[in-house]
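See below for the structure under consideration.
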Amino acid sequence: MAIREIIVLPDKQLRLVSKPIESVTAEVRKLADDMFETMYDAPGIGLAAIQVAVPLRLITMDLAKKEDETGAKPRVFINPEILSSSEELSVYEEGCLSIPEYYEEVERPAQVRFRFMDLDGKVHEEDADGLFATCIQHEIDHLNGVLFVDYLSKLKRDRVLKKFTKQAKRAGE
């Protein structure tokens, strides 16, 4: 396993639409292992492959608290897609490893039903609510080139983009 570099706003790769994974190969398994290592190191609870500059439809997630190792529930979602969303909405404060140290409340459907493939190539359908629903929607958005700041007002979004563009320029000097 290896820790990979997480790409950060304003990196244009974050706007790419990721490609479906045709079959679960050794490379896909290695990518998932590396993504877990990267996600835990960051630390975060979810990571999309595009965030480590790999435009494939792969998500790693572990909603357990980091300190509680026994409660760790690492999950891998390959080619996830939302099948249905509730009309009921919920608001969670979201953050993103590609937009470090920025948090904002985002309104999303409270429940979703989604389909995905696991590392054994089996297809599953699952219902998600609460933090799980928010996280799966956030990560699937990444696979579609959408960031959580896209749900904010234009004013807030422009401020964030400007801040991270300035940081990137300073880092490049």
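Chain lettering (A, B, ...) mirrors the order of the structure tokens, residue numbering begins at 1 for each chain separately, and ligand numbering begins at 1 in order of display.
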
Handout entry: Residue neighbourhood Glu87 of chain A, 10 Å, only C-alpha atoms, exclusion window fewer than 6 positions, as JSON, numbers by chain
Key = {"A": [108, 109, 110, 111, 112]}

Could I get the residues of segment 102-135 of chain A with an atom no further than 10 Å from an atom of segment 149-152 of chain A, each paired with its nearest atom pair and that distance in Å to one decimal, using only C-alpha atoms, sorted by chain and residue number, as a tab-separated table?
residue	atom	partner	partner_atom	distance
A:Tyr102	CA	A:Val149	CA	9.6
A:Tyr103	CA	A:Val149	CA	9.3
A:Glu104	CA	A:Val149	CA	8.1
A:Glu105	CA	A:Leu152	CA	8.4
A:Val106	CA	A:Tyr151	CA	6.6
A:Glu107	CA	A:Tyr151	CA	7.8
A:Arg108	CA	A:Tyr151	CA	9.0

Practice task
Tell me which protein, DNA and RNA residues are within 8 Å of Met1 of chain A, counting only C-alpha atoms, leaving out same-chain ones fewer than 6 positions away, and put them as a PyMOL selection string.
Solution key: chain A and resi 30+33-34+37

Practice task
Name the residues of segment 2-170 of chain A that come out as helix (DSSP H, G or I) in a backbone DSSP run; write them as a ChimeraX atom specification.
Solution key: /A:12-15,26-41,49-52,69-71,130-143,148-151,154-170

Problem - Two-atom distance - atom CA of Arg113 of chain A, atom CA of Val146 of chain A (Å) - result: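 About the pair atom CA of Arg113 of chain A and atom CA of Val146 of chain A: they are 19.3 Å apart.
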